[in-house]
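Chemist: Just passing along the structure, written as structure tokens.
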Amino acid sequence: SNKWQVTKEESGMRLLQFLRSKLDAKYSLRVLKHSLEKNLCRINGRVERFASTLVGRGDVVEFVVDQQPVV
């Protein structure tokens, strides 16, 4: 799994944008959203399912990419 701490510059980004920037656009937005819906993202240890959630400075974001192909 991936684990990042949100910096001052990244504070206020939407979760989906933040993940996109960290993962280098390796994955499609669909795959990222799919992973969120499968409870594979945590912010400060709490499951976060919403792509539009804003991340704040110092938040710890953990994310697992669900590798199952989305049909």
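A note on labels: chains of the structure tokens are A, B, ... as shown, every chain counts residues from 1, and ligands are counted from 1 in their shown order.
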With only C-alpha atoms as the counted atoms, please give the residues lying no more than 7 Å from Asp59 in chain A, apart from itself and same-chain residues fewer than 2 positions off, as a tab-separated table (two decimals) with N, CA and C atoms, in the first residue's frame.

Modeler:
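After the write, part13.tsv holds the following:
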chain	number	residue	atom	x	y	z
A	5	GLN	N	2.04	11.75	3.59
A	5	GLN	CA	1.56	12.82	4.46
A	5	GLN	C	1.34	14.06	3.61
A	6	VAL	N	0.19	14.68	3.81
A	6	VAL	CA	-0.18	15.84	3.00
A	6	VAL	C	0.67	17.05	3.42
A	43	ILE	N	-7.80	7.94	5.54
A	43	ILE	CA	-7.19	9.21	5.92
A	43	ILE	C	-7.12	9.21	7.44
A	44	ASN	N	-5.90	9.31	7.96
A	44	ASN	CA	-5.67	9.26	9.41
A	44	ASN	C	-6.31	8.02	10.02
A	55	VAL	N	-8.26	17.08	1.33
A	55	VAL	CA	-7.21	16.66	2.26
A	55	VAL	C	-6.59	17.89	2.90
A	56	GLY	N	-6.13	17.74	4.13
A	56	GLY	CA	-5.54	18.87	4.85
A	56	GLY	C	-4.10	18.59	5.22
A	57	ARG	N	-3.37	19.65	5.47
A	57	ARG	CA	-1.97	19.54	5.83
A	57	ARG	C	-1.78	18.60	7.03
A	61	VAL	N	-2.50	9.84	4.36
A	61	VAL	CA	-3.36	9.16	3.40
A	61	VAL	C	-2.74	7.82	3.04

Chemist: Give me, as an MDAnalysis selection string, all polymer residues having an atom no more than 12 Å from Lys33 in chain A, counting only C-alpha atoms and skipping those fewer than 3 positions away in the same chain.

Modeler: chainID A and resid 15:17 19:20 27:30 36:41 48:52 63:66 70

Chemist: Convert the current residue selection to file output with N, CA, C and O atoms, as a tab-separated table (two decimals), in the first residue's frame.

Modeler:
chain	number	residue	atom	x	y	z
A	15	LEU	N	-9.33	14.72	-2.76
A	15	LEU	CA	-8.66	13.44	-2.57
A	15	LEU	C	-8.25	12.81	-3.90
A	15	LEU	O	-7.12	12.33	-4.06
A	16	LEU	N	-9.15	12.83	-4.88
A	16	LEU	CA	-8.86	12.20	-6.16
A	16	LEU	C	-7.66	12.87	-6.86
A	16	LEU	O	-6.80	12.20	-7.40
A	17	GLN	N	-7.62	14.21	-6.79
A	17	GLN	CA	-6.49	14.95	-7.39
A	17	GLN	C	-5.19	14.58	-6.68
A	17	GLN	O	-4.15	14.43	-7.30
A	19	LEU	N	-4.45	11.83	-5.02
A	19	LEU	CA	-4.02	10.48	-5.38
A	19	LEU	C	-3.42	10.47	-6.79
A	19	LEU	O	-2.40	9.84	-7.05
A	20	ARG	N	-4.06	11.19	-7.68
A	20	ARG	CA	-3.59	11.29	-9.06
A	20	ARG	C	-2.17	11.85	-9.10
A	20	ARG	O	-1.30	11.34	-9.78
A	27	TYR	N	-2.74	5.28	-13.09
A	27	TYR	CA	-4.04	4.60	-13.07
A	27	TYR	C	-5.11	5.56	-13.55
A	27	TYR	O	-5.03	6.76	-13.32
A	28	SER	N	-6.13	5.00	-14.17
A	28	SER	CA	-7.23	5.85	-14.63
A	28	SER	C	-8.06	6.32	-13.44
A	28	SER	O	-8.04	5.70	-12.37
A	29	LEU	N	-8.79	7.39	-13.64
A	29	LEU	CA	-9.66	7.90	-12.58
A	29	LEU	C	-10.67	6.83	-12.18
A	29	LEU	O	-11.05	6.73	-11.01
A	30	ARG	N	-11.09	6.04	-13.16
A	30	ARG	CA	-12.06	4.99	-12.87
A	30	ARG	C	-11.50	3.97	-11.88
A	30	ARG	O	-12.20	3.55	-10.95
A	36	LEU	N	-11.52	3.53	-4.14
A	36	LEU	CA	-12.15	4.28	-3.05
A	36	LEU	C	-13.45	3.61	-2.63
A	36	LEU	O	-13.72	3.44	-1.43
A	37	GLU	N	-14.25	3.21	-3.61
A	37	GLU	CA	-15.54	2.60	-3.32
A	37	GLU	C	-15.39	1.26	-2.61
A	37	GLU	O	-16.30	0.81	-1.91
A	38	LYS	N	-14.23	0.63	-2.80
A	38	LYS	CA	-13.99	-0.65	-2.14
A	38	LYS	C	-13.30	-0.48	-0.78
A	38	LYS	O	-12.74	-1.42	-0.24
A	39	ASN	N	-13.38	0.75	-0.25
A	39	ASN	CA	-12.83	1.06	1.08
A	39	ASN	C	-11.33	0.85	1.17
A	39	ASN	O	-10.81	0.44	2.21
A	40	LEU	N	-10.62	1.15	0.08
A	40	LEU	CA	-9.17	0.91	0.06
A	40	LEU	C	-8.36	2.17	0.36
A	40	LEU	O	-7.15	2.18	0.23
A	41	CYS	N	-9.04	3.23	0.78
A	41	CYS	CA	-8.33	4.45	1.14
A	41	CYS	C	-8.64	4.82	2.58
A	41	CYS	O	-9.80	4.73	3.02
A	48	GLU	N	-12.06	6.35	3.91
A	48	GLU	CA	-12.63	7.49	3.17
A	48	GLU	C	-13.03	7.03	1.79
A	48	GLU	O	-12.20	6.52	1.05
A	49	ARG	N	-14.30	7.19	1.47
A	49	ARG	CA	-14.81	6.67	0.20
A	49	ARG	C	-15.10	7.75	-0.83
A	49	ARG	O	-15.44	7.45	-1.96
A	50	PHE	N	-15.00	9.02	-0.44
A	50	PHE	CA	-15.43	10.07	-1.35
A	50	PHE	C	-14.27	10.77	-2.04
A	50	PHE	O	-13.39	11.32	-1.39
A	51	ALA	N	-14.31	10.75	-3.37
A	51	ALA	CA	-13.25	11.33	-4.19
A	51	ALA	C	-13.13	12.83	-3.99
A	51	ALA	O	-12.07	13.42	-4.16
A	52	SER	N	-14.25	13.47	-3.61
A	52	SER	CA	-14.26	14.93	-3.50
A	52	SER	C	-13.83	15.44	-2.13
A	52	SER	O	-13.74	16.65	-1.91
A	63	PHE	N	-3.38	4.33	0.74
A	63	PHE	CA	-4.18	3.96	-0.42
A	63	PHE	C	-3.65	2.67	-1.04
A	63	PHE	O	-2.46	2.51	-1.25
A	64	VAL	N	-4.58	1.76	-1.29
A	64	VAL	CA	-4.24	0.51	-1.98
A	64	VAL	C	-4.97	0.54	-3.31
A	64	VAL	O	-6.17	0.82	-3.36
A	65	VAL	N	-4.25	0.28	-4.39
A	65	VAL	CA	-4.91	0.24	-5.69
A	65	VAL	C	-5.48	-1.16	-5.90
A	65	VAL	O	-4.78	-2.15	-5.78
A	66	ASP	N	-6.77	-1.20	-6.18
A	66	ASP	CA	-7.42	-2.47	-6.46
A	66	ASP	C	-7.08	-2.85	-7.88
A	66	ASP	O	-7.49	-2.21	-8.84
A	70	VAL	N	-11.58	-3.28	-13.97
A	70	VAL	CA	-12.97	-2.81	-13.86
A	70	VAL	C	-13.64	-3.14	-15.18
A	70	VAL	O	-13.17	-2.75	-16.24

Chemist: Among chain A, which residues carry a DSSP assignment of alpha helix (DSSP H), reported as a PyMOL selection string?

Modeler: chain A and resi 15-22+29-37

Chemist: I'd like to know which of A:Val31, A:Phe18, A:Thr7, A:Lys26 is closest to Thr53 in chain A, using only C-alpha atoms.

Modeler: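 For Thr53 in chain A, the nearest of the candidates is A:Phe18.
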
Chemist: For Lys3 in chain A, which residue out of A:Gln67, A:Lys22, A:Val47, A:Leu54 is the nearest one, using only C-alpha atoms?

Modeler: A:Lys22
